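What follows is a short report on a single structure.
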Amino acid sequence: MRALLALAVIAGSLAIALTTPVRLGLDLRGGTQITLETRSTPTTDADAAATDRTLEVLRGRIDALGVAEPTLVRSGDHRILVELPGVHDPKKAADVLGRTAQLTVHAVLGPARTADGATAPATDPASAPAKERVLPDESGQPLRLRAADLTGRDVEGADARFDQQGGAGWHVAVDFSKTGQDKWRQVTARAACHPAGDPQRRVAIVLDNKIISSPQVDPSVPCGTGIPGGTTQITGSFDDTEARELALLISGGALPVPVETVEQRTIGATLGDAAIEAAAWAAGIGTALTALFIIAVYRLMGLLATAALACYALVSYAALAALGATLTLPGLAGFVLAIGMAVDANVLVFERTREEYAARSRPTPRSALTAGFRGALSAIADSNITTLIAAALLFAFASGPVRGFGITLAIGVLASMVSALVISRVLAEYAANRPAVFRRPRVTGIAGTGWVRDRLLRRDPFLMRRPRRWLAVSAALAVVAASGILVRGLDFGIEFTGGRLIEYATSTSVDPDRARTALTDAGFPRAVVQSSGDTGLTVRAENLTNADEATVTETISDLGGETKKIRDELIGPSMGDELRRNALVALSLALGAQLLYLAVRFRWFFGTAAVVALAHDVVILIGAFAWLGKPIDGVFLAALLTVIGYSVNDSVVLFDRVRELLGRDRTTPLPRLTNRAILQTLPRTVNTGMGAALIITALAVLADDTLADFALALLIGLAVGTYSSVFTAASLTIELYPSGKASRPRPSRFTRRHSPSGRNAVPASEETPR
């Protein structure tokens, strides 16, 4: 049955992978991503319904622009996420999307004059919407306009046309609806009652509070009759692009509520190609090194686990394609990272199988494997569920690429469990039943205890003799890290602070100090300039408008020769505040969720110890980035929550073994039991850590700056998490254990305990933490 399930999963995944491509995010294929936020007006509330109506209007505008495969989704009640693949001019895209396109038609009451004959200033329509307003016409002559007779709701459609015979050139033909036709006839009928040349014979067409056309009613139209047909032409000095854009805005209709750009990201296609290539190399090299390591340690079973890893990659890819998930740059890193987690599940099973093989009187590879899978199941389930909790929090509270990382990580965790518990088991049990393997059990790699376990059994170190010393070391590390936060401060990315970040690729190398001086002279004294690669430069500043961006680009071009903008990110202040707040909420909920889960699955002191160890890891990782001057951005948040998952994985595996030993032995003091659990699970920790470190190191060496920082955070977190799960969490568990003195009979100072191996006993005083 298990073999049929594995075959069905592989066949289904292969069919999906061959027929359904994975959708790449903009950071991998290039384009522009804009987050718009709807704003309420005195007459309209920007609720979910108004945001949905706004989204439909925007969809019509984008479809008319001809963007291939655009994506528009509502995020919450007030935000709309727009992805425009292949669009590398964010200014034009934002202008078209953000314009309110308020089209109105007015009767002209005459020229606007003050009492002394001077020209009256234009009036704000919001200050006097009921009566009349003053706006300059195409030549700058102020006109008094009566209240609007028609609005954009009366428009049925608009089309850009070119008149070769009449000489009008490019113009926009506007068709009114049935109701609009009657209104248009009435307004032109009144205007036709005034003599030719009289300003009141004109009709003003206003778009976004600007008169774009104010034609006179043709002299052939009699008074009181009006223009039939409900069609008019907007003429002017349009070129083809301007005419099409105007027709698009008019036919698309007015936005129900105004929108504001709160986030904008533009990624060049070349940057995406480089990121894909770097991540692919990292995945290939890292996976190859991990496979060689696993095969060297576990021989035949390692080879079969490598085949199961290939199936894991297939299942993960198929799941991404089937769910329609977007693969982003951090998501690609999460995909590579989950390979290490798939290795962890196999290592847990194989190490447990080695223990079962060594403990049985007449062992066979098949019986040891069956017991190994059964014994490792709870640790695999608990450790993967804790990682899924972190992935769920990323999906719920993050946005953009980081949210994509959470989706990819969750898919990878689930696929790793299928790979280890179904596919790997089918392959391993089939191989173990072969007569050649039965006659040569050592070829399996599970018939021996392994080099790490052998050395530990020979030395039998008592690591938990003085747990308070380990806690003191952990506290000292946390203090050193926290001092980096206080002394150096945190370099928050624009995701958390708001502002604009532009990355350039220049033909010649530019010194950051020289660029900083030039930008100061250009009027940007607070711009932060950093080098990016050999000929790259990033500029970060607050309140950088599109006009400012053009000046900055020109300044960099003067220094670096041919300059290409490969990334442009704009985060509004409200967006930055929200992301920073959500990051703290996600971190707090991650710690709380870990505590709750471990308290339910184990006991409260295990959960408390694990959460304290997690907080210890978080402080050290943030402090390390503070000392190194690395940015704290959305990608770092993804790495931080991944480290939380990694750290709790180690703690869960250790606690699972402590719980098992406590259930079998109620007389041995807890420090000795915990020490035994550490020694029994340490081979798994070493082998899993090596597998993950190989992949992450490849990512750090081969990836670009963003993913290199991501990999650096994971390497630091891997080292700190391994230490804290063994020494911080285990030591704190011993200190918090409530029945350490009361429920256990305390032997006298000279009582001896005989070990199962028959070696000399250890004084009881050495087995207590005091």
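Ligands are numbered from 1 in the order shown, chains are lettered A, B, ... in the order of the structure tokens, and residues start at 1 in each chain.
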request  = From a DSSP calculation on the backbone, collect every residue of segment 428-626 of chain A in helix (DSSP H, G or I) and output the set as an MDAnalysis selection string.
outcome  = chainID A and resid 428:432 435:439 441:444 451:459 467:487 494:497 512:521 546:560 573:601 604:626
request  = Might you pull out every residue within 10 Å of Ile389 of chain A, with only C-alpha atoms counted and same-chain residues fewer than 6 positions away left off, and present them as a ChimeraX atom specification?
outcome  = /A:395,406,410,589-590,593-594,597,641,645
Set the distance at 9 Å and use only C-alpha atoms: which residues neighbour segment 647-664 of chain A once local chain neighbours fewer than 4 positions away are removed? I'd like the list as a short mmCIF file (atom, residue, chain, number, x, y, z; two decimals) with N, CA, C and O atoms, in the first residue's frame.
data_model
loop_
_atom_site.label_atom_id
_atom_site.label_comp_id
_atom_site.auth_asym_id
_atom_site.auth_seq_id
_atom_site.Cartn_x
_atom_site.Cartn_y
_atom_site.Cartn_z
N LEU A 348 17.34 11.39 11.05
CA LEU A 348 16.66 10.94 12.27
C LEU A 348 16.31 9.46 12.20
O LEU A 348 16.52 8.69 13.16
N SER A 378 7.69 10.42 16.03
CA SER A 378 7.23 11.53 16.87
C SER A 378 8.18 12.72 16.77
O SER A 378 7.74 13.88 16.71
N ALA A 379 9.49 12.46 16.73
CA ALA A 379 10.45 13.56 16.62
C ALA A 379 10.31 14.27 15.28
O ALA A 379 10.37 15.51 15.19
N ILE A 380 10.13 13.49 14.19
CA ILE A 380 9.96 14.10 12.87
C ILE A 380 8.70 14.94 12.83
O ILE A 380 8.71 16.08 12.33
N ASP A 382 6.95 16.34 15.36
CA ASP A 382 7.02 17.53 16.21
C ASP A 382 7.94 18.60 15.62
O ASP A 382 7.61 19.78 15.62
N SER A 383 9.10 18.19 15.12
CA SER A 383 10.05 19.18 14.59
C SER A 383 9.51 19.85 13.33
O SER A 383 9.70 21.06 13.14
N ASN A 384 8.82 19.10 12.48
CA ASN A 384 8.28 19.70 11.26
C ASN A 384 7.06 20.56 11.54
O ASN A 384 6.85 21.57 10.86
N THR A 386 6.62 22.40 14.18
CA THR A 386 7.12 23.70 14.67
C THR A 386 7.61 24.57 13.53
O THR A 386 7.43 25.80 13.55
N THR A 387 8.23 23.98 12.51
CA THR A 387 8.64 24.75 11.35
C THR A 387 7.44 25.25 10.57
O THR A 387 7.43 26.38 10.06
N GLN A 594 5.36 28.48 19.81
CA GLN A 594 6.29 27.41 20.15
C GLN A 594 6.09 26.97 21.61
O GLN A 594 6.08 25.77 21.91
N LEU A 598 4.87 23.16 22.59
CA LEU A 598 5.74 22.30 23.38
C LEU A 598 5.14 21.98 24.75
O LEU A 598 5.35 20.90 25.29
N PHE A 602 4.79 18.26 25.37
CA PHE A 602 5.70 17.80 26.40
C PHE A 602 5.16 18.26 27.76
O PHE A 602 4.08 17.88 28.15
N PHE A 606 9.63 22.09 29.67
CA PHE A 606 10.27 21.89 28.37
C PHE A 606 9.98 23.07 27.45
O PHE A 606 10.86 23.59 26.77
N ALA A 610 12.66 25.78 25.91
CA ALA A 610 12.83 25.93 24.46
C ALA A 610 12.62 27.38 24.03
O ALA A 610 13.37 27.90 23.19
N VAL A 611 11.60 28.04 24.59
CA VAL A 611 11.32 29.42 24.20
C VAL A 611 12.43 30.35 24.68
O VAL A 611 12.82 31.28 23.96
N ALA A 613 15.53 29.50 24.99
CA ALA A 613 16.63 29.24 24.06
C ALA A 613 16.37 29.95 22.73
O ALA A 613 17.30 30.48 22.11
N LEU A 614 15.12 29.96 22.28
CA LEU A 614 14.79 30.66 21.04
C LEU A 614 15.04 32.15 21.17
O LEU A 614 15.60 32.79 20.26
N ASP A 617 18.62 32.79 20.88
CA ASP A 617 19.09 32.74 19.49
C ASP A 617 18.73 34.01 18.73
O ASP A 617 19.52 34.54 17.94
N THR A 642 13.15 31.38 10.21
CA THR A 642 13.66 30.07 9.84
C THR A 642 14.60 29.54 10.91
O THR A 642 14.58 28.35 11.24
N VAL A 643 15.42 30.42 11.46
CA VAL A 643 16.32 30.02 12.55
C VAL A 643 15.51 29.55 13.75
O VAL A 643 15.88 28.57 14.43
N THR A 668 17.17 7.28 37.77
CA THR A 668 18.38 8.02 37.40
C THR A 668 18.11 9.51 37.49
O THR A 668 17.07 9.99 37.01
N LEU A 670 17.88 13.44 36.75
CA LEU A 670 17.59 14.10 35.48
C LEU A 670 18.85 14.59 34.75
O LEU A 670 18.91 14.47 33.52
N LEU A 673 20.17 11.62 32.89
CA LEU A 673 19.27 11.24 31.80
C LEU A 673 19.37 12.22 30.63
O LEU A 673 19.40 11.83 29.47
N THR A 674 19.40 13.51 30.96
CA THR A 674 19.51 14.54 29.91
C THR A 674 20.84 14.40 29.19
O THR A 674 20.91 14.54 27.95
N ASN A 675 21.89 14.12 29.93
CA ASN A 675 23.21 13.93 29.31
C ASN A 675 23.18 12.73 28.36
O ASN A 675 23.74 12.78 27.25
N ARG A 676 22.51 11.65 28.80
CA ARG A 676 22.40 10.47 27.94
C ARG A 676 21.63 10.80 26.67
O ARG A 676 21.99 10.36 25.57
N ALA A 677 20.55 11.60 26.81
CA ALA A 677 19.77 12.00 25.64
C ALA A 677 20.60 12.85 24.68
O ALA A 677 20.50 12.70 23.45
N ILE A 678 21.43 13.72 25.23
CA ILE A 678 22.29 14.56 24.37
C ILE A 678 23.26 13.69 23.59
O ILE A 678 23.44 13.86 22.37
N GLN A 680 22.97 10.55 22.79
CA GLN A 680 22.27 9.69 21.83
C GLN A 680 21.81 10.46 20.60
O GLN A 680 21.72 9.89 19.51
N THR A 681 21.47 11.72 20.76
CA THR A 681 20.97 12.51 19.62
C THR A 681 22.05 13.35 18.96
O THR A 681 21.80 13.94 17.91
N LEU A 682 23.24 13.41 19.56
CA LEU A 682 24.29 14.25 18.99
C LEU A 682 24.73 13.80 17.60
O LEU A 682 25.02 14.65 16.74
N THR A 685 22.44 15.41 15.27
CA THR A 685 22.67 16.85 15.22
C THR A 685 23.87 17.19 14.33
O THR A 685 23.81 18.11 13.51
N GLY A 717 22.64 31.41 12.66
CA GLY A 717 21.53 30.79 13.39
C GLY A 717 21.70 29.30 13.56
O GLY A 717 21.34 28.74 14.61
N LEU A 718 22.27 28.63 12.54
CA LEU A 718 22.49 27.18 12.65
C LEU A 718 23.47 26.87 13.76
O LEU A 718 23.25 25.95 14.57
N VAL A 720 24.37 28.88 16.37
CA VAL A 720 23.83 29.29 17.67
C VAL A 720 22.69 28.39 18.10
O VAL A 720 22.56 28.01 19.27
N GLY A 721 21.82 28.02 17.14
CA GLY A 721 20.70 27.15 17.48
C GLY A 721 21.13 25.78 17.94
O GLY A 721 20.54 25.20 18.85
N THR A 722 22.17 25.22 17.31
CA THR A 722 22.69 23.92 17.74
C THR A 722 23.24 24.00 19.15
O THR A 722 22.98 23.13 20.00
N SER A 724 22.45 26.26 21.52
CA SER A 724 21.44 26.58 22.52
C SER A 724 20.53 25.40 22.80
O SER A 724 20.09 25.20 23.94
N SER A 725 20.21 24.58 21.79
CA SER A 725 19.33 23.44 22.04
C SER A 725 20.00 22.40 22.93
O SER A 725 19.33 21.74 23.72
N VAL A 726 21.33 22.28 22.79
CA VAL A 726 22.05 21.29 23.60
C VAL A 726 22.37 21.83 24.98
O VAL A 726 22.15 21.17 26.00
N ALA A 729 18.90 25.10 26.35
CA ALA A 729 17.59 24.50 26.61
C ALA A 729 17.70 23.32 27.58
O ALA A 729 16.91 23.20 28.52
N ALA A 730 18.69 22.45 27.36
CA ALA A 730 18.84 21.29 28.25
C ALA A 730 19.19 21.72 29.67
O ALA A 730 18.63 21.21 30.64
#
query = Which of these, A:Leu559, A:Leu14, A:Ile571, A:Leu369, has the shortest distance to Glu542 of chain A once you count only C-alpha atoms?
reply =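 Closest residue, counting only C-alpha atoms: A:Ile571.
Atom CA of Ser419 of chain A lies 24.7 Å from atom CA of Leu24 of chain A.
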query = So which one's closest to Leu694 of chain A, A:Gly157, A:Pro258, A:Gly286, A:Gly180? Using only C-alpha atoms, please.
reply = A:Gly286
inquiry  = Could you list, as an MDAnalysis selection string, every residue within 9 Å of Arg684 of chain A, counting only C-alpha atoms and ignoring same-chain residues fewer than 6 positions away?
reply    = chainID A and resid 344 347:348 350:352
inquiry  = Residues of segment 513-544 of chain A classed as strand (DSSP E) by DSSP on the backbone are to be reported as a VMD selection string.
reply    = chain A and resid 528 to 531 536 to 541
Hey, what's within 10 Å of Gly76 of chain A if we count only C-alpha atoms and toss same-chain stuff fewer than 4 positions away? As a PDB file with N, CA, C and O atoms, in the first residue's frame, please?
ATOM      1  N   GLU A  37      -3.058  52.045  -1.921  1.00  0.00           N
ATOM      2  CA  GLU A  37      -3.936  52.105  -0.753  1.00  0.00           C
ATOM      3  C   GLU A  37      -5.071  53.077  -1.047  1.00  0.00           C
ATOM      4  O   GLU A  37      -4.840  54.220  -1.435  1.00  0.00           O
ATOM      5  N   ASP A  47     -14.116  51.412   1.846  1.00  0.00           N
ATOM      6  CA  ASP A  47     -14.273  50.106   2.463  1.00  0.00           C
ATOM      7  C   ASP A  47     -13.908  49.013   1.467  1.00  0.00           C
ATOM      8  O   ASP A  47     -13.401  49.281   0.369  1.00  0.00           O
ATOM      9  N   ALA A  48     -14.161  47.762   1.842  1.00  0.00           N
ATOM     10  CA  ALA A  48     -13.787  46.651   0.974  1.00  0.00           C
ATOM     11  C   ALA A  48     -14.524  46.706  -0.361  1.00  0.00           C
ATOM     12  O   ALA A  48     -13.955  46.409  -1.415  1.00  0.00           O
ATOM     13  N   THR A  51     -12.969  49.320  -2.530  1.00  0.00           N
ATOM     14  CA  THR A  51     -11.670  48.835  -3.001  1.00  0.00           C
ATOM     15  C   THR A  51     -11.839  47.820  -4.123  1.00  0.00           C
ATOM     16  O   THR A  51     -11.079  47.816  -5.094  1.00  0.00           O
ATOM     17  N   ILE A  80      -4.429  47.286  -2.689  1.00  0.00           N
ATOM     18  CA  ILE A  80      -4.472  46.538  -3.937  1.00  0.00           C
ATOM     19  C   ILE A  80      -3.032  46.299  -4.374  1.00  0.00           C
ATOM     20  O   ILE A  80      -2.245  47.238  -4.493  1.00  0.00           O
TER      21      ILE A  80
END
key: Residues near Leu143 of chain A, cut-off 6 Å, only C-alpha atoms, skip fewer than 3 positions along chain, as a list of chain:residue names   = A:Gly110, A:Pro111, A:Ala112, A:Val134, A:Leu135, A:Pro136
inquiry  = Set the distance at 9 Å and use only C-alpha atoms: which residues neighbour Ala482 of chain A once local chain neighbours fewer than 2 positions away are removed? I'd like the list as a list in words.
reply    = Leu477, Ala478, Val479, Val480, Gly484, Ile485, Leu486, Val487, Val619, Ile620, Ile622, Gly623, Ala624 and Ala626 of chain A
